[in-house]
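K.L.:
mmCIF, C-alpha atoms, saved as run-v2.cif, coming up:
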```cif
data_my_file
#
loop_
_atom_site.label_atom_id
_atom_site.label_comp_id
_atom_site.auth_asym_id
_atom_site.auth_seq_id
_atom_site.Cartn_x
_atom_site.Cartn_y
_atom_site.Cartn_z
CA MET K 1108 -11.22 -13.88 6.15
CA ALA K 1109 -8.43 -15.48 4.14
CA TYR K 1110 -5.35 -13.50 3.18
CA TYR K 1111 -2.80 -14.06 0.43
CA ILE K 1112 0.54 -12.42 -0.25
CA GLY K 1113 1.44 -11.17 -3.72
CA VAL K 1114 4.97 -10.17 -4.73
CA ASP K 1115 5.72 -8.27 -7.94
CA VAL K 1116 9.45 -8.42 -8.64
CA GLY K 1117 10.78 -5.69 -10.90
CA GLY K 1118 14.23 -4.79 -12.09
CA THR K 1119 14.30 -1.74 -9.80
CA ASN K 1120 11.67 -2.31 -7.09
CA ILE K 1121 9.83 -5.14 -5.40
CA ALA K 1122 6.19 -4.41 -4.60
CA CYS K 1123 4.37 -6.67 -2.16
CA GLY K 1124 0.79 -6.69 -0.94
CA VAL K 1125 -1.49 -8.52 1.43
CA VAL K 1126 -4.64 -9.30 -0.58
CA ASP K 1127 -8.01 -10.68 0.47
CA GLU K 1128 -9.93 -13.37 -1.42
CA ASN K 1129 -11.79 -10.67 -3.40
CA GLY K 1130 -8.57 -9.24 -4.82
CA LYS K 1131 -8.48 -6.16 -2.58
CA ILE K 1132 -5.05 -5.01 -1.42
CA LEU K 1133 -5.16 -4.46 2.34
CA ALA K 1134 -1.56 -3.38 2.87
CA ARG K 1135 1.59 -3.11 0.82
CA SER K 1136 5.31 -2.53 0.86
CA LYS K 1137 7.90 -1.44 -1.69
CA ILE K 1138 11.66 -1.79 -1.51
CA LYS K 1139 14.65 -1.75 -3.84
CA THR K 1140 15.10 -5.03 -5.67
CA HIS K 1141 18.84 -5.17 -5.08
CA GLY K 1142 18.83 -3.84 -1.55
CA GLY K 1143 20.37 -0.57 -2.73
CA GLY K 1144 23.40 -2.34 -4.15
CA ALA K 1145 24.67 -2.77 -7.67
CA SER K 1146 22.46 -4.12 -10.44
CA PRO K 1147 22.46 -6.93 -11.31
CA ALA K 1148 23.14 -8.14 -7.77
CA PRO K 1149 23.70 -11.68 -6.52
CA TYR K 1150 20.58 -13.80 -6.23
CA GLU K 1151 20.91 -13.79 -2.43
CA ALA K 1152 20.55 -10.00 -2.32
CA VAL K 1153 17.30 -10.09 -4.32
CA LEU K 1154 16.04 -13.03 -2.26
CA ASN K 1155 16.60 -11.10 0.95
CA SER K 1156 14.77 -8.10 -0.50
CA ILE K 1157 11.77 -10.30 -1.30
CA LYS K 1158 11.75 -11.67 2.25
CA THR K 1159 11.91 -8.15 3.68
CA ALA K 1160 9.08 -6.95 1.43
CA VAL K 1161 6.86 -9.84 2.57
CA ARG K 1162 7.50 -9.12 6.24
CA GLU K 1163 6.94 -5.38 5.84
CA ALA K 1164 3.64 -5.83 3.99
CA CYS K 1165 2.35 -8.22 6.62
CA GLY K 1166 3.51 -5.87 9.36
CA SER K 1167 1.56 -3.02 7.74
CA ALA K 1168 -1.51 -5.26 7.57
CA GLY K 1169 -1.11 -6.20 11.23
CA ILE K 1170 -0.97 -9.92 10.52
CA SER K 1171 1.64 -12.62 10.85
CA VAL K 1172 3.05 -14.11 7.67
CA ASP K 1173 1.93 -17.46 9.10
CA ASN K 1174 -1.71 -16.39 8.80
CA ALA K 1175 -1.57 -16.04 5.01
CA GLY K 1176 -2.86 -18.82 2.79
CA SER K 1177 0.01 -18.65 0.29
CA ILE K 1178 2.63 -16.46 -1.32
CA GLY K 1179 2.57 -15.77 -5.05
CA ILE K 1180 5.51 -14.27 -6.91
CA GLY K 1181 5.49 -12.62 -10.33
CA CYS K 1182 9.02 -12.43 -11.69
CA PRO K 1183 10.39 -11.27 -15.05
CA GLY K 1184 11.91 -13.93 -17.24
CA LEU K 1185 11.44 -17.62 -17.94
CA CYS K 1186 9.71 -18.93 -14.81
CA ASN K 1187 9.01 -22.66 -14.50
CA SER K 1188 5.79 -22.66 -12.52
CA GLU K 1189 6.02 -26.43 -11.94
CA SER K 1190 9.53 -26.59 -10.51
CA GLY K 1191 9.45 -23.10 -9.05
CA VAL K 1192 12.78 -22.25 -10.68
CA VAL K 1193 13.50 -19.00 -12.50
CA GLU K 1194 15.38 -20.55 -15.39
CA TYR K 1195 16.49 -17.26 -16.90
CA SER K 1196 15.90 -13.56 -16.24
CA ASN K 1197 18.16 -11.15 -18.08
CA ASN K 1198 16.85 -8.17 -16.08
CA LEU K 1199 17.78 -9.77 -12.77
CA GLY K 1200 20.79 -11.80 -13.85
CA PHE K 1201 19.12 -15.06 -12.75
CA VAL K 1202 20.01 -18.45 -14.19
CA ASN K 1203 18.26 -21.49 -12.68
CA VAL K 1204 17.56 -20.04 -9.23
CA PRO K 1205 15.20 -22.00 -6.89
CA LEU K 1206 13.04 -19.06 -5.85
CA LYS K 1207 9.96 -21.07 -4.85
CA ALA K 1208 11.90 -23.49 -2.64
CA ASP K 1209 13.86 -20.72 -0.94
CA ILE K 1210 10.76 -18.68 -0.07
CA GLU K 1211 8.90 -21.80 1.11
CA GLN K 1212 11.82 -22.69 3.37
CA GLU K 1213 11.80 -19.19 4.83
CA PHE K 1214 8.08 -18.86 5.57
CA GLY K 1215 6.67 -22.40 5.55
CA LEU K 1216 3.81 -21.43 3.21
CA PRO K 1217 2.83 -22.71 -0.24
CA VAL K 1218 4.58 -20.56 -2.86
CA TYR K 1219 3.49 -20.05 -6.48
CA LEU K 1220 5.88 -18.68 -9.10
CA GLU K 1221 4.85 -17.10 -12.40
CA ASN K 1222 6.18 -14.82 -15.10
CA ASP K 1223 5.34 -11.22 -14.19
CA ALA K 1224 3.29 -10.52 -17.33
CA ASN K 1225 1.23 -13.66 -16.74
CA ALA K 1226 0.70 -12.67 -13.12
CA ALA K 1227 -0.51 -9.19 -14.11
CA ALA K 1228 -2.87 -10.71 -16.66
CA PHE K 1229 -4.24 -13.03 -14.00
CA GLY K 1230 -4.81 -9.99 -11.80
CA GLU K 1231 -7.00 -8.37 -14.45
CA PHE K 1232 -8.75 -11.73 -14.95
CA THR K 1233 -9.54 -12.27 -11.27
CA ALA K 1234 -10.20 -8.71 -10.09
CA GLY K 1235 -9.94 -6.24 -12.96
CA SER K 1236 -11.35 -5.50 -16.39
CA ALA K 1237 -11.52 -9.19 -17.38
CA LYS K 1238 -13.25 -10.37 -14.20
CA GLY K 1239 -16.06 -12.77 -15.02
CA ALA K 1240 -14.65 -13.75 -18.41
CA LYS K 1241 -13.96 -17.34 -19.36
CA SER K 1242 -10.89 -16.51 -21.45
CA ALA K 1243 -8.92 -13.29 -21.74
CA VAL K 1244 -5.75 -11.82 -23.20
CA VAL K 1245 -4.03 -8.88 -21.54
CA ILE K 1246 -1.58 -6.79 -23.58
CA THR K 1247 0.62 -4.15 -21.97
CA LEU K 1248 2.08 -1.36 -24.09
CA GLY K 1249 5.22 -0.18 -22.33
CA THR K 1250 8.91 -0.24 -23.14
CA GLY K 1251 8.00 -3.47 -24.91
CA VAL K 1252 4.73 -5.28 -25.57
CA GLY K 1253 4.00 -7.70 -22.76
CA ALA K 1254 1.13 -10.16 -22.76
CA GLY K 1255 -0.60 -12.76 -20.66
CA ILE K 1256 -3.14 -15.32 -21.83
CA VAL K 1257 -5.81 -16.94 -19.67
CA LEU K 1258 -7.79 -19.73 -21.36
CA ASP K 1259 -10.72 -21.37 -19.60
CA GLY K 1260 -9.57 -19.83 -16.33
CA LYS K 1261 -6.00 -21.15 -16.55
CA ILE K 1262 -2.83 -19.26 -17.42
CA TYR K 1263 -1.46 -20.43 -20.76
CA ARG K 1264 2.29 -21.00 -20.33
CA GLY K 1265 3.30 -23.13 -23.31
CA ALA K 1266 5.35 -26.33 -23.22
CA ASN K 1267 8.45 -24.47 -22.02
CA PHE K 1268 6.77 -21.77 -19.90
CA ALA K 1269 7.61 -19.16 -22.54
CA GLY K 1270 4.16 -18.95 -24.13
CA GLY K 1271 2.37 -15.68 -24.72
CA GLU K 1272 5.22 -13.68 -26.28
CA ILE K 1273 2.78 -11.85 -28.51
CA GLY K 1274 5.11 -8.86 -28.77
CA HIS K 1275 7.53 -10.96 -30.77
CA THR K 1276 5.15 -11.98 -33.51
CA VAL K 1277 5.92 -10.22 -36.79
CA ILE K 1278 3.48 -7.72 -38.30
CA VAL K 1279 5.87 -6.18 -40.88
CA VAL K 1280 8.15 -8.62 -42.72
CA ASP K 1281 11.75 -7.28 -42.77
CA GLY K 1282 10.57 -4.28 -40.79
CA GLU K 1283 12.15 -2.40 -37.88
CA SER K 1284 14.74 -4.23 -35.79
CA CYS K 1285 13.51 -5.63 -32.48
CA THR K 1286 15.52 -6.25 -29.32
CA CYS K 1287 14.73 -9.98 -29.65
CA GLY K 1288 16.77 -10.21 -32.84
CA ARG K 1289 13.85 -10.43 -35.29
CA ARG K 1290 12.63 -7.69 -37.58
CA GLY K 1291 9.14 -6.24 -37.81
CA CYS K 1292 7.87 -7.44 -34.43
CA PHE K 1293 4.57 -6.22 -32.99
CA GLU K 1294 6.64 -4.81 -30.12
CA ALA K 1295 8.81 -2.75 -32.45
CA TYR K 1296 5.74 -0.88 -33.72
CA SER K 1297 3.16 -0.93 -30.93
CA SER K 1298 5.20 -0.39 -27.77
CA ALA K 1299 5.53 3.07 -26.29
CA THR K 1300 9.14 2.88 -27.49
CA GLY K 1301 7.96 2.27 -31.03
CA LEU K 1302 5.52 5.16 -30.84
CA VAL K 1303 8.30 7.48 -29.61
CA ARG K 1304 10.50 6.37 -32.52
CA MET K 1305 7.70 7.14 -35.00
CA THR K 1306 7.16 10.54 -33.39
CA GLU K 1307 10.85 11.44 -33.56
CA ALA K 1308 11.04 10.40 -37.22
CA ALA K 1309 7.97 12.48 -38.07
CA VAL K 1310 9.49 15.58 -36.46
CA LYS K 1311 12.66 15.22 -38.54
CA GLN K 1312 10.61 14.98 -41.72
CA ASN K 1313 8.17 17.76 -40.79
CA PRO K 1314 9.93 20.63 -38.97
CA ASP K 1315 6.77 22.77 -38.96
CA THR K 1316 4.91 20.46 -36.57
CA ILE K 1317 4.06 21.66 -33.03
CA ILE K 1318 5.46 18.45 -31.55
CA PRO K 1319 8.79 20.10 -30.48
CA GLU K 1320 6.76 22.65 -28.49
CA ILE K 1321 4.95 19.86 -26.65
CA ILE K 1322 8.23 18.07 -25.93
CA LYS K 1323 9.62 21.30 -24.47
CA GLU K 1324 6.49 21.80 -22.34
CA ASP K 1325 6.65 18.27 -20.96
CA GLY K 1326 10.40 18.17 -20.63
CA LYS K 1327 10.60 14.92 -22.60
CA ILE K 1328 9.10 12.96 -25.46
CA SER K 1329 6.76 10.10 -24.60
CA GLY K 1330 4.13 7.80 -26.01
CA ARG K 1331 1.55 10.52 -25.39
CA THR K 1332 3.33 13.34 -27.25
CA ALA K 1333 1.81 12.61 -30.67
CA PHE K 1334 -1.66 12.26 -29.14
CA LYS K 1335 -1.31 15.68 -27.50
CA ALA K 1336 -0.31 17.18 -30.85
CA MET K 1337 -3.25 15.48 -32.56
CA ARG K 1338 -5.69 16.93 -30.02
CA ARG K 1339 -4.33 20.42 -30.78
CA GLY K 1340 -5.11 19.95 -34.45
CA ASP K 1341 -1.57 19.16 -35.60
CA ALA K 1342 -1.59 17.19 -38.85
CA VAL K 1343 1.69 15.41 -38.08
CA GLY K 1344 0.43 14.33 -34.67
CA ARG K 1345 -2.71 12.97 -36.31
CA GLU K 1346 -0.71 11.07 -38.93
CA VAL K 1347 1.55 9.49 -36.29
CA THR K 1348 -1.34 8.42 -34.04
CA GLU K 1349 -3.30 7.00 -36.96
CA ARG K 1350 -0.28 5.00 -38.13
CA TYR K 1351 0.39 3.76 -34.60
CA ILE K 1352 -3.21 2.62 -34.15
CA LYS K 1353 -3.07 0.86 -37.52
CA TYR K 1354 -0.09 -1.22 -36.36
CA LEU K 1355 -1.67 -1.84 -32.98
CA ALA K 1356 -4.91 -2.98 -34.60
CA CYS K 1357 -3.00 -5.43 -36.80
CA GLY K 1358 -1.41 -7.10 -33.79
CA VAL K 1359 -4.61 -7.09 -31.76
CA ALA K 1360 -6.58 -8.60 -34.65
CA ASN K 1361 -3.95 -11.35 -34.95
CA VAL K 1362 -4.41 -12.17 -31.27
CA ILE K 1363 -8.19 -12.23 -31.56
CA ASN K 1364 -8.06 -14.42 -34.68
CA THR K 1365 -5.81 -16.86 -32.82
CA PHE K 1366 -7.51 -17.11 -29.43
CA GLN K 1367 -10.99 -15.56 -29.77
CA PRO K 1368 -11.05 -14.59 -26.07
CA ASP K 1369 -14.15 -13.19 -24.42
CA ILE K 1370 -12.23 -10.04 -23.65
CA LEU K 1371 -8.93 -8.41 -24.59
CA CYS K 1372 -7.52 -5.83 -22.20
CA ILE K 1373 -4.82 -3.32 -23.08
CA GLY K 1374 -2.74 -1.46 -20.54
CA GLY K 1375 0.27 0.83 -20.27
CA GLY K 1376 0.79 4.57 -20.20
CA VAL K 1377 -0.51 5.21 -23.72
CA CYS K 1378 -3.87 3.80 -22.59
CA ASN K 1379 -4.34 6.94 -20.49
CA GLU K 1380 -5.49 8.44 -23.80
CA GLY K 1381 -8.75 6.56 -23.19
CA GLU K 1382 -11.34 6.89 -25.93
CA ALA K 1383 -8.90 8.72 -28.23
CA LEU K 1384 -7.05 5.41 -28.47
CA LEU K 1385 -9.80 2.89 -27.82
CA ASN K 1386 -12.47 4.05 -30.28
CA PRO K 1387 -10.32 4.14 -33.45
CA LEU K 1388 -8.62 0.91 -32.33
CA LYS K 1389 -11.94 -0.89 -32.06
CA ALA K 1390 -13.03 0.41 -35.46
CA ALA K 1391 -9.80 -0.74 -37.10
CA VAL K 1392 -9.86 -4.17 -35.44
CA ALA K 1393 -13.48 -4.70 -36.49
CA LYS K 1394 -12.36 -4.55 -40.13
CA GLU K 1395 -9.52 -7.02 -39.59
CA ILE K 1396 -10.92 -9.89 -37.56
CA TYR K 1397 -11.97 -13.10 -39.27
CA SER K 1398 -15.09 -13.38 -37.10
CA LYS K 1399 -16.52 -9.98 -38.07
CA ASN K 1400 -19.89 -11.56 -38.94
CA SER K 1401 -20.17 -13.48 -35.67
CA VAL K 1402 -22.97 -12.71 -33.22
CA LYS K 1403 -20.36 -12.45 -30.48
CA ASN K 1404 -16.91 -10.95 -30.83
CA THR K 1405 -14.08 -10.18 -28.42
CA GLU K 1406 -14.66 -7.10 -26.30
CA ILE K 1407 -11.70 -4.71 -26.23
CA VAL K 1408 -11.25 -2.71 -23.02
CA ILE K 1409 -8.59 -0.82 -21.10
CA CYS K 1410 -7.02 -2.46 -18.04
CA SER K 1411 -8.35 -1.18 -14.74
CA LEU K 1412 -5.80 -2.28 -12.12
CA GLY K 1413 -2.75 -0.35 -13.29
CA ASN K 1414 0.37 -1.11 -11.25
CA GLU K 1415 -1.67 -3.18 -8.79
CA ALA K 1416 -2.33 -5.93 -11.34
CA GLY K 1417 0.99 -7.66 -10.67
CA ILE K 1418 0.49 -7.79 -6.90
CA ILE K 1419 -3.12 -8.95 -7.11
CA GLY K 1420 -2.40 -11.50 -9.82
CA ALA K 1421 0.54 -12.92 -7.88
CA ALA K 1422 -1.56 -13.22 -4.74
CA MET K 1423 -4.28 -15.03 -6.68
CA LEU K 1424 -1.91 -17.57 -8.28
CA TYR K 1425 -3.18 -20.28 -5.95
CA ARG K 1426 -6.28 -20.29 -8.19
CA SER K 1427 -4.35 -20.74 -11.44
#
```
Please express the file's structure as structure tokens.

P.N.:
Amino acid sequence: MAYYIGVDVGGTNIACGVVDENGKILARSKIKTHGGGASPAPYEAVLNSIKTAVREACGSAGISVDNAGSIGIGCPGLCNSESGVVEYSNNLGFVNVPLKADIEQEFGLPVYLENDANAAAFGEFTAGSAKGAKSAVVITLGTGVGAGIVLDGKIYRGANFAGGEIGHTVIVVDGESCTCGRRGCFEAYSSATGLVRMTEAAVKQNPDTIIPEIIKEDGKISGRTAFKAMRRGDAVGREVTERYIKYLACGVANVINTFQPDILCIGGGVCNEGEALLNPLKAAVAKEIYSKNSVKNTEIVICSLGNEAGIIGAAMLYRS
């Protein structure tokens, strides 16, 4: 049986797994990205953490690193998959670091480097909700709106390896400010952060809502707060969730109209709402897509791999 190593580099933790050719994680490890030091740390500190994570995962699997077919790394930022250089990562403080070459020198295995969102999307494509599709788009609703695009089985990276920034397409001209510097971005409205902002604004305008009670119960406000209020019959919760889904549907319909993938997967904590999110989203998107009269339209589903998508996708990068 062939084995492959997948590394998911995050701003706080590095997760690594030994994965078989079917996308099953056999063993894993998790360590601090910066070795417990300050963040951002020097590149060498992060590099050493990656090396340690690889060795620990292989040790847990009872195999030598030498027995693996390749190492794949998903890293945040602008990753040049041809040169193997992380050209820029604001989260890690990287500028033009030769990550591929350094890991290859350490272990003597082929190394594949990819943006972390692309790697996670490839995980869903090879072993998750998009398995068996020809083309797929994976959108993650978290602090921001991340996305990965797989067309005809290949990751779409763009001419400068910065393709797929769907979160920074505008859905409201001159709308809310976005961290990227634009206004009205899909991310500003459809991320969990955007949903929290809408919820907070609704509470200020409607003091009689039960939302403050839910926040007190949970100890914090989150992307699920308005949905909980909606399920309890709260009119403000219903209004917030309906408005959020309207924005989300606009962005999703734009993606479908552009790429017409076989399948579009959405992930992130808000997707734990399941059918309460998915059913109205599908209904709204159906009214917006250009191909509404087609005999075949994009299937919209929820991601199935969760936090494992990045590890699995990284391990499977040899196929991309």

K.L.:
Evaluate the PyMOL selection byres ((chain K and resi 1358) around 9) here and jot the selected residues down as an MDAnalysis selection string.

P.N.:
chainID K and resid 1273:1274 1276:1278 1293 1297 1353:1357 1359:1363

K.L.:
Taking the file above as input, evaluate the PyMOL selection byres ((chain K and resi 1248) around 9) and report the hits as a PyMOL selection string.

P.N.:
chain K and resi 1246-1247+1249-1254+1294+1297-1300+1373-1378

K.L.:
For the residues in that selection, give me C-alpha atoms as an mmCIF file, in the frame of the given file.

P.N.:
```
data_model
loop_
_atom_site.group_PDB
_atom_site.id
_atom_site.type_symbol
_atom_site.label_atom_id
_atom_site.label_comp_id
_atom_site.auth_asym_id
_atom_site.auth_seq_id
_atom_site.Cartn_x
_atom_site.Cartn_y
_atom_site.Cartn_z
ATOM 1 C CA ILE K 1246 -1.580 -6.790 -23.580
ATOM 2 C CA THR K 1247 0.620 -4.150 -21.970
ATOM 3 C CA GLY K 1249 5.220 -0.180 -22.330
ATOM 4 C CA THR K 1250 8.910 -0.240 -23.140
ATOM 5 C CA GLY K 1251 8.000 -3.470 -24.910
ATOM 6 C CA VAL K 1252 4.730 -5.280 -25.570
ATOM 7 C CA GLY K 1253 4.000 -7.700 -22.760
ATOM 8 C CA ALA K 1254 1.130 -10.160 -22.760
ATOM 9 C CA GLU K 1294 6.640 -4.810 -30.120
ATOM 10 C CA SER K 1297 3.160 -0.930 -30.930
ATOM 11 C CA SER K 1298 5.200 -0.390 -27.770
ATOM 12 C CA ALA K 1299 5.530 3.070 -26.290
ATOM 13 C CA THR K 1300 9.140 2.880 -27.490
ATOM 14 C CA ILE K 1373 -4.820 -3.320 -23.080
ATOM 15 C CA GLY K 1374 -2.740 -1.460 -20.540
ATOM 16 C CA GLY K 1375 0.270 0.830 -20.270
ATOM 17 C CA GLY K 1376 0.790 4.570 -20.200
ATOM 18 C CA VAL K 1377 -0.510 5.210 -23.720
ATOM 19 C CA CYS K 1378 -3.870 3.800 -22.590
#
```

K.L.:
Name every residue that the PyMOL selection byres ((chain K and resi 1244) around 8) selects in this structure, writing the answer as a VMD selection string with chains first and numbers rising.

P.N.:
chain K and resid 1228 1242 to 1243 1245 to 1246 1254 to 1257 1368 1370 to 1372

K.L.:
Could you state the separation of atom CA of K:Lys1158 and atom CA of K:Gly1230 in Å, given to one decimal place?

P.N.:
21.8 Å

K.L.:
Which one is closest to K:Gln1367: K:Arg1426, K:Lys1241, K:Lys1389, K:Lys1323? Count all atoms listed in the file.

P.N.:
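Closest to K:Gln1367 of all the choices is K:Lys1241.
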
K.L.:
Please indicate the distance in Å from atom CA of K:Asn1203 to atom CA of K:Gly1184, rounded to one decimal place.

P.N.:
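Value for the atom CA of K:Asn1203-atom CA of K:Gly1184 distance: 10.9 Å.
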
K.L.:
Any idea what the distance is between atom CA of K:Ile1409 and atom CA of K:Thr1348?

P.N.:
17.5 Å

K.L.:
Report as JSON the centre and the edge lengths, in Å to one decimal, of the axis-aligned box holding every listed atom of stretch 1311-1324 of chain K, padded by 6 Å on each side.

P.N.:
```
{"center_x": 8.4, "center_y": 18.9, "center_z": -32.0, "size_x": 20.6, "size_y": 19.8, "size_z": 31.4}
```

K.L.:
Calculated over all atoms listed in the file, which of the candidates K:Ile1317, K:Ala1422, K:Val1392, K:Leu1258 has the smallest distance to K:Ala1237?

P.N.:
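When distances to K:Ala1237 are compared using all atoms listed in the file, the smallest one comes from K:Leu1258.
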
K.L.:
Can you work out which one of K:Ile1262, K:Val1193, K:Cys1123, K:Ile1210 has the shortest atom-to-atom distance to K:Phe1229, counting all atoms listed in the file?

P.N.:
K:Ile1262

K.L.:
Which of these, K:Leu1206, K:Gly1113, K:Tyr1397, K:Phe1366, has the shortest distance to K:Asn1155 once you count all atoms listed in the file?

P.N.:
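Smallest separation from K:Asn1155 among the options: K:Leu1206.
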
K.L.:
At a cut-off of 8 Å, using only C-alpha atoms, what residues contact stretch 1127-1136 of chain K? Leave out same-chain residues fewer than 2 positions from it and give the result as a list in words.

P.N.:
Met1108, Ala1109, Tyr1110, Tyr1111, Ala1122, Cys1123, Gly1124, Val1125, Ile1138, Ala1160, Val1161, Glu1163, Ala1164, Cys1165, Ser1167, Ala1168, Gly1230, Thr1233, Ala1234, Ile1419 and Met1423 of chain K

K.L.:
Neighbours of K:Ser1236 within 7 Å (only C-alpha atoms; same-chain residues fewer than 4 positions away dropped), as a PyMOL selection string?

P.N.:
chain K and resi 1231-1232+1372+1410-1411
